[in-house]
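A.B. asks: Coordinates in entry.txt, compact mmCIF, C-alpha atoms and all ligand atoms, are listed below.
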# COMPACT_ATOMS: atom_id res chain seq x y z
CA MET A 1 19.81 -11.07 8.67
CA SER A 2 17.14 -9.60 10.93
CA ARG A 3 14.03 -8.83 8.94
CA THR A 4 11.65 -5.94 9.58
CA ARG A 5 8.33 -7.22 10.90
CA VAL A 6 5.56 -5.79 8.74
CA GLY A 7 1.82 -5.75 9.32
CA VAL A 8 -0.35 -5.61 6.19
CA MET A 9 -3.79 -3.99 6.49
CA ILE A 10 -6.42 -5.13 3.97
CA SER A 11 -10.14 -4.98 3.32
CA GLY A 12 -10.67 -7.35 0.40
CA ARG A 13 -9.18 -9.23 -2.52
CA GLY A 14 -5.57 -8.94 -1.40
CA SER A 15 -3.75 -9.20 -4.72
CA ASN A 16 -1.17 -6.64 -3.55
CA LEU A 17 -0.89 -8.59 -0.31
CA GLN A 18 -0.14 -11.66 -2.43
CA ALA A 19 2.66 -9.80 -4.19
CA LEU A 20 4.13 -8.88 -0.79
CA LEU A 21 3.72 -12.44 0.54
CA ASP A 22 5.46 -13.82 -2.55
CA ALA A 23 8.32 -11.35 -2.20
CA ALA A 24 8.68 -12.01 1.52
CA ALA A 25 8.92 -15.75 0.85
CA ARG A 26 12.39 -15.12 -0.58
CA PRO A 27 15.04 -15.58 2.12
CA ASP A 28 16.91 -12.41 1.16
CA TYR A 29 13.83 -10.14 1.34
CA PRO A 30 14.34 -7.58 4.14
CA ALA A 31 10.74 -7.75 5.43
CA GLU A 32 8.74 -10.51 7.04
CA ILE A 33 4.93 -10.32 6.95
CA ALA A 34 4.19 -10.84 10.64
CA LEU A 35 0.43 -10.17 10.57
CA VAL A 36 -2.33 -9.62 8.03
CA LEU A 37 -5.13 -7.58 9.54
CA SER A 38 -8.51 -7.04 7.89
CA ASN A 39 -11.39 -4.85 8.96
CA VAL A 40 -13.73 -7.18 7.02
CA ALA A 41 -14.22 -10.87 7.86
CA GLY A 42 -14.14 -13.57 5.21
CA VAL A 43 -12.25 -11.67 2.52
CA GLN A 44 -9.96 -13.34 0.00
CA GLY A 45 -6.87 -11.64 1.40
CA LEU A 46 -7.27 -13.49 4.70
CA ALA A 47 -7.31 -16.82 2.83
CA ARG A 48 -4.16 -15.77 0.97
CA ALA A 49 -2.40 -15.06 4.29
CA LYS A 50 -3.48 -18.38 5.76
CA ALA A 51 -2.27 -20.22 2.65
CA ALA A 52 1.11 -18.54 3.16
CA GLY A 53 1.16 -19.52 6.84
CA VAL A 54 0.97 -15.92 8.02
CA PRO A 55 -1.06 -15.03 11.16
CA THR A 56 -4.27 -13.10 10.57
CA ALA A 57 -6.55 -10.85 12.60
CA VAL A 58 -10.02 -9.50 11.89
CA VAL A 59 -10.93 -6.23 13.61
CA PRO A 60 -14.37 -5.16 12.32
CA HIS A 61 -14.56 -1.38 12.39
CA ARG A 62 -18.30 -1.58 13.06
CA ASP A 63 -17.61 -3.01 16.51
CA PHE A 64 -16.13 0.31 17.65
CA ALA A 65 -17.77 3.58 18.65
CA ASP A 66 -15.40 5.72 16.61
CA ARG A 67 -12.44 5.51 14.25
CA GLU A 68 -9.78 6.10 16.88
CA SER A 69 -10.94 3.32 19.20
CA PHE A 70 -10.91 0.98 16.19
CA GLU A 71 -7.40 2.13 15.32
CA ARG A 72 -6.19 1.67 18.93
CA GLU A 73 -7.26 -1.97 18.74
CA VAL A 74 -5.62 -2.35 15.32
CA THR A 75 -2.44 -0.84 16.73
CA ALA A 76 -2.52 -3.14 19.76
CA ARG A 77 -2.80 -6.18 17.46
CA LEU A 78 0.00 -4.98 15.19
CA GLU A 79 2.30 -4.24 18.10
CA ALA A 80 1.48 -7.56 19.81
CA ALA A 81 2.72 -9.20 16.59
CA GLY A 82 5.93 -7.20 16.82
CA CYS A 83 5.24 -5.09 13.73
CA THR A 84 7.39 -2.00 13.36
CA LEU A 85 6.20 -1.10 9.86
CA VAL A 86 2.67 -1.15 8.44
CA ALA A 87 1.69 -1.50 4.77
CA GLN A 88 -1.86 -0.72 3.71
CA ALA A 89 -2.87 -2.79 0.68
CA GLY A 90 -6.43 -2.14 -0.38
CA PHE A 91 -7.40 -1.07 3.14
CA MET A 92 -10.56 0.89 2.51
CA ARG A 93 -10.84 3.01 5.68
CA VAL A 94 -9.64 6.57 6.11
CA VAL A 95 -7.31 6.74 9.12
CA THR A 96 -7.25 9.46 11.78
CA PRO A 97 -4.44 11.85 12.64
CA TRP A 98 -3.95 9.77 15.80
CA PHE A 99 -3.10 6.67 13.76
CA VAL A 100 -0.91 8.63 11.34
CA ALA A 101 1.02 10.20 14.23
CA HIS A 102 1.43 6.89 16.07
CA TRP A 103 2.87 5.21 12.96
CA ARG A 104 4.57 8.32 11.58
CA ASP A 105 7.03 7.41 8.80
CA ARG A 106 6.30 3.72 9.47
CA LEU A 107 2.99 3.55 7.57
CA ILE A 108 2.85 3.16 3.79
CA ASN A 109 0.03 2.78 1.26
CA ILE A 110 -0.47 1.94 -2.41
CA HIS A 111 -2.82 4.06 -4.49
CA PRO A 112 -3.93 3.32 -8.07
CA SER A 113 -2.94 6.60 -9.71
CA LEU A 114 0.13 8.72 -10.32
CA LEU A 115 -0.33 10.98 -7.30
CA PRO A 116 -0.96 13.83 -6.84
CA ALA A 117 -3.33 13.18 -9.75
CA PHE A 118 -6.57 11.43 -8.90
CA PRO A 119 -6.59 10.93 -5.12
CA GLY A 120 -9.71 9.17 -3.84
CA LEU A 121 -11.88 6.56 -5.52
CA HIS A 122 -12.66 5.56 -9.15
CA THR A 123 -9.21 6.56 -10.34
CA HIS A 124 -9.32 4.58 -13.59
CA GLU A 125 -12.66 6.06 -14.72
CA ARG A 126 -11.37 9.52 -13.86
CA ALA A 127 -8.10 9.00 -15.73
CA LEU A 128 -10.04 7.98 -18.86
CA GLN A 129 -12.37 10.96 -18.49
CA ALA A 130 -9.40 13.30 -18.16
CA GLY A 131 -7.81 11.86 -21.29
CA VAL A 132 -4.41 11.31 -19.70
CA ARG A 133 -1.95 9.28 -21.77
CA LEU A 134 -0.09 7.85 -18.79
CA HIS A 135 -1.66 6.42 -15.66
CA GLY A 136 -0.23 4.24 -12.92
CA CYS A 137 0.24 3.72 -9.23
CA THR A 138 2.05 5.25 -6.28
CA VAL A 139 3.46 3.91 -3.03
CA HIS A 140 3.71 6.65 -0.42
CA PHE A 141 4.05 7.32 3.28
CA VAL A 142 0.66 8.06 4.84
CA ARG A 143 -0.15 11.55 6.08
CA ASP A 144 -3.34 13.11 7.44
CA GLU A 145 -4.68 14.11 4.03
CA VAL A 146 -6.08 11.13 2.13
CA ASP A 147 -3.77 9.82 -0.64
CA GLN A 148 -1.06 12.34 0.07
CA GLY A 149 2.36 11.94 1.60
CA PRO A 150 5.99 11.49 0.61
CA ILE A 151 6.23 9.36 -2.55
CA ILE A 152 8.43 6.27 -2.31
CA GLY A 153 7.89 4.99 -5.85
CA GLN A 154 5.66 5.17 -8.88
CA ALA A 155 5.03 3.00 -11.91
CA ALA A 156 3.38 4.29 -15.06
CA VAL A 157 1.41 2.45 -17.71
CA PRO A 158 0.12 3.78 -21.04
CA VAL A 159 -3.55 4.50 -21.58
CA LEU A 160 -4.44 2.76 -24.85
CA PRO A 161 -7.09 3.68 -27.40
CA GLY A 162 -10.43 2.09 -26.60
CA ASP A 163 -9.49 1.33 -23.00
CA HIS A 164 -12.37 0.48 -20.67
CA PRO A 165 -11.84 1.21 -16.95
CA ASP A 166 -11.45 -2.52 -16.36
CA ASP A 167 -8.63 -2.74 -18.91
CA LEU A 168 -6.83 0.14 -17.31
CA SER A 169 -7.39 -1.24 -13.83
CA ALA A 170 -5.87 -4.60 -14.81
CA ARG A 171 -2.86 -2.91 -16.43
CA VAL A 172 -2.27 -0.72 -13.38
CA LEU A 173 -2.71 -3.68 -11.04
CA THR A 174 0.09 -5.54 -12.82
CA ALA A 175 2.29 -2.52 -12.18
CA GLU A 176 1.16 -2.36 -8.53
CA HIS A 177 2.29 -5.93 -7.98
CA LEU A 178 5.77 -5.05 -9.23
CA LEU A 179 6.01 -1.70 -7.49
CA TYR A 180 4.82 -2.49 -3.97
CA PRO A 181 7.38 -5.22 -3.12
CA ARG A 182 10.18 -3.00 -4.50
CA CYS A 183 9.11 -0.06 -2.37
CA LEU A 184 8.64 -2.16 0.74
CA THR A 185 12.16 -3.50 0.24
CA LEU A 186 13.60 -0.01 0.31
CA VAL A 187 11.68 1.10 3.40
CA ALA A 188 12.17 -2.16 5.33
CA ALA A 189 15.89 -2.12 4.63
CA GLY A 190 16.16 1.47 5.85
CA ARG A 191 17.27 2.70 2.43
CA THR A 192 14.92 5.69 2.42
CA ARG A 193 14.71 8.81 4.50
CA ILE A 194 12.32 11.75 4.43
CA GLU A 195 13.60 15.28 4.05
CA ALA A 196 11.21 18.22 3.72
CA GLU A 197 8.42 15.73 3.04
CA ARG A 198 10.24 14.19 0.11
CA VAL A 199 11.68 10.70 0.06
CA ILE A 200 15.43 10.44 -0.50
CA HIS A 201 16.68 7.03 -1.57
CA ASP A 202 20.13 5.82 -0.60
CA ALA A 203 22.71 5.81 -3.34
CA GLY A 204 22.54 2.49 -5.12
CA ALA A 205 18.94 1.80 -4.08
CA ALA A 206 16.87 0.20 -6.82
CA PRO A 207 15.35 2.62 -9.32
CA ASP A 208 12.04 3.80 -7.95
CA ALA A 209 10.14 4.73 -11.08
CA ARG A 210 9.51 2.82 -14.26
CA LEU A 211 7.25 2.59 -17.23
CA ILE A 212 5.48 -0.71 -17.64
CA VAL A 213 4.70 -1.34 -21.28
CA PRO A 214 2.26 -4.21 -21.93
CA GLY A 215 3.96 -7.10 -23.63
CA GLU A 216 7.44 -6.15 -22.45
CA SER A 217 9.03 -7.91 -19.52
CA ALA A 218 9.27 -5.75 -16.40
C1 LIG A 301 -5.52 -1.65 -5.41
O1 LIG A 301 -5.79 -1.10 -6.68
C2 LIG A 301 -4.88 -0.64 -4.51
O2 LIG A 301 -4.05 0.25 -5.18
C3 LIG A 301 -6.08 0.10 -3.98
O3 LIG A 301 -7.07 -0.90 -3.78
C4 LIG A 301 -6.82 -1.99 -4.66
C5 LIG A 301 -6.66 -3.18 -3.81
O4 LIG A 301 -6.56 -4.37 -4.55
N1 LIG A 301 -5.73 0.84 -2.78
P1 LIG A 301 -6.05 -5.68 -3.83
O5 LIG A 301 -6.95 -5.92 -2.63
O6 LIG A 301 -4.63 -5.50 -3.45
O7 LIG A 301 -6.23 -6.78 -4.85
Give the structure from this file in structure tokens form.
Ligand code: GRF
C.D. replies:
Amino acid sequence: MSRTRVGVMISGRGSNLQALLDAAARPDYPAEIALVLSNVAGVQGLARAKAAGVPTAVVPHRDFADRESFEREVTARLEAAGCTLVAQAGFMRVVTPWFVAHWRDRLINIHPSLLPAFPGLHTHERALQAGVRLHGCTVHFVRDEVDQGPIIGQAAVPVLPGDHPDDLSARVLTAEHLLYPRCLTLVAAGRTRIEAERVIHDAGAAPDARLIVPGESA
């Protein structure tokens, strides 16, 4: 089986990266993590990649005059590693239309809300303030507008009485770690296509939405 070579872009902790590394360690997983690239040196995600024996690169955005020259270097590194698909996992830089166009339909991201609700930062605080009863996470193809783009999969978790943002964040993160490897499977295996900016899954592809209830097995 030839596996799709995936580059993972991170900026920090890398717990979603870990979920992808763990999934890709299975011989039947359709993607291979070929490079982990961080814009920040010394972050935990880089150590996770090294522990998994995956090549790493650090491209500090501050070394570049503008976003696009940074992204051209990032792209050169990803392509030198043979990556044909890119997964952003806690990558905390907004990307330019140049980058989106270059990687069009080959660039995915995970966001900690049920998009299109709560794009941007501080999603868990905002969900609590809004009083929503369900919250969650979304894996989507990246488009020019931040946290928008065709939705590959979502996972929902309940908001419980007395929740603090940290409680909600932890509950959503558990769902992220289940959702992201499932979505990457579908994209890497070519089991999705985009029609009219909506993702169509092949017949028989794994269900792409679920409710994660604390205490129940996923
Ligand atoms: C996750 O909540 C992800 O959805 C968001 O940033 C966080 C990254 O966490 N984009 P980690 O680095 O994967 O642990």
A.B. asks: Taking all atoms listed in the file into account, which residues have an atom no farther than 6 Å from ligand LIG 301 (chain A)? I'd like them as an NGL selection string.
C.D. replies: :A and (12-17 or 89-90 or 110-112 or 173)
A.B. asks: In Å, rounded to a single decimal, give me how far CA of Leu20 in chain A is from CA of Gly136 in chain A.
C.D. replies: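 Atom-to-atom, CA of Gly136 in chain A to CA of Leu20 in chain A, that is 18.4 Å.
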A.B. asks: CA of Val146 in chain A and CA of Ser11 in chain A are how many Å apart?
C.D. replies: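 It comes out at 16.7 Å.
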A.B. asks: So what do you get for CA of Val157 in chain A versus CA of Asp144 in chain A, distance-wise?
C.D. replies: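 CA of Asp144 in chain A lies 27.7 Å from CA of Val157 in chain A.
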A.B. asks: Between A:Ala65, A:Ala127, A:Leu78, A:Ala31, single out the one closest to Val187 in chain A, counting all atoms listed in the file.
C.D. replies: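 Under the stated criterion, the closest residue is A:Ala31.
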A.B. asks: From the list A:Arg106, A:Arg67, A:His122, A:His201, which residue is nearest Val8 in chain A when using only C-alpha atoms?
C.D. replies: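 Nearest to Val8 in chain A: A:Arg106.
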A.B. asks: Quick one: of A:Glu73, A:Asp28, A:Glu125, A:Asp66, who's nearest to Asp167 in chain A, counting only C-alpha atoms?
C.D. replies: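 Of A:Glu73, A:Asp28, A:Glu125, A:Asp66, the one nearest Asp167 in chain A, counting only C-alpha atoms, is A:Glu125.
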A.B. asks: Could you tell me which of A:Val139, A:Ala34, A:Leu178, A:Ala205 comes closest to Gly190 in chain A if we count only C-alpha atoms?
C.D. replies: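 That would be A:Ala205, the residue with the smallest distance to Gly190 in chain A.
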A.B. asks: Which residue is closest to Cys183 in chain A? Choose from A:Pro30, A:Pro161, A:Gly45, A:Gly7 and count all atoms listed in the file.
C.D. replies: A:Pro30
A.B. asks: Name the closest residue to Arg182 in chain A among the candidates A:Ala19, A:Arg62, A:Thr123, A:Val94; distances are taken between atoms, counting all atoms listed in the file.
C.D. replies: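 Residue with the minimum atom-to-atom distance to Arg182 in chain A: A:Ala19.
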A.B. asks: Counting only C-alpha atoms, note down every residue that has an atom within 12 Å of the point (-6.7, -3.4, -17.4) (file coordinates), as a compact mmCIF listing (two decimals) with C-alpha atoms, in the frame of the given file.
C.D. replies:
# COMPACT_ATOMS: atom_id res chain seq x y z
CA PRO A 112 -3.93 3.32 -8.07
CA HIS A 124 -9.32 4.58 -13.59
CA GLU A 125 -12.66 6.06 -14.72
CA LEU A 128 -10.04 7.98 -18.86
CA HIS A 135 -1.66 6.42 -15.66
CA GLY A 136 -0.23 4.24 -12.92
CA VAL A 157 1.41 2.45 -17.71
CA PRO A 158 0.12 3.78 -21.04
CA VAL A 159 -3.55 4.50 -21.58
CA LEU A 160 -4.44 2.76 -24.85
CA GLY A 162 -10.43 2.09 -26.60
CA ASP A 163 -9.49 1.33 -23.00
CA HIS A 164 -12.37 0.48 -20.67
CA PRO A 165 -11.84 1.21 -16.95
CA ASP A 166 -11.45 -2.52 -16.36
CA ASP A 167 -8.63 -2.74 -18.91
CA LEU A 168 -6.83 0.14 -17.31
CA SER A 169 -7.39 -1.24 -13.83
CA ALA A 170 -5.87 -4.60 -14.81
CA ARG A 171 -2.86 -2.91 -16.43
CA VAL A 172 -2.27 -0.72 -13.38
CA LEU A 173 -2.71 -3.68 -11.04
CA THR A 174 0.09 -5.54 -12.82
CA ALA A 175 2.29 -2.52 -12.18
CA GLU A 176 1.16 -2.36 -8.53
CA PRO A 214 2.26 -4.21 -21.93
A.B. asks: List the spatial neighbours of Arg3 in chain A as a ChimeraX atom specification - criterion: any atom at most 12 Å away, only C-alpha atoms, same-chain residues fewer than 6 positions off excluded.
C.D. replies: /A:24-34,82-85,184-185,187-190
A.B. asks: So which residues touch Pro97 in chain A within 8 Å, counting only C-alpha atoms, skipping near sequence neighbours fewer than 3 positions away, as a list in words?
C.D. replies: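 What passes the distance filter is Val100, Ala101, Arg143 and Asp144 of chain A.
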A.B. asks: Keeping C-alpha atoms, export the residues of the selection given above as a PDB file, in the coordinates of the input.
C.D. replies:
ATOM      1  CA  VAL A 100      -0.910   8.630  11.340  1.00  0.00           C
ATOM      2  CA  ALA A 101       1.020  10.200  14.230  1.00  0.00           C
ATOM      3  CA  ARG A 143      -0.150  11.550   6.080  1.00  0.00           C
ATOM      4  CA  ASP A 144      -3.340  13.110   7.440  1.00  0.00           C
TER       5      ASP A 144
END
A.B. asks: Near Phe70 in chain A, within 9 Å and counting all atoms listed in the file, which residues show up once chain neighbours fewer than 6 positions away are dropped, as a PyMOL selection string?
C.D. replies: chain A and resi 59-64
A.B. asks: Deliver the residues from the most recent selection as a file, using C-alpha atoms, as a PDB file, keeping the file's coordinate frame.
C.D. replies:
ATOM      1  CA  VAL A  59     -10.930  -6.230  13.610  1.00  0.00           C
ATOM      2  CA  PRO A  60     -14.370  -5.160  12.320  1.00  0.00           C
ATOM      3  CA  HIS A  61     -14.560  -1.380  12.390  1.00  0.00           C
ATOM      4  CA  ARG A  62     -18.300  -1.580  13.060  1.00  0.00           C
ATOM      5  CA  ASP A  63     -17.610  -3.010  16.510  1.00  0.00           C
ATOM      6  CA  PHE A  64     -16.130   0.310  17.650  1.00  0.00           C
TER       7      PHE A  64
END
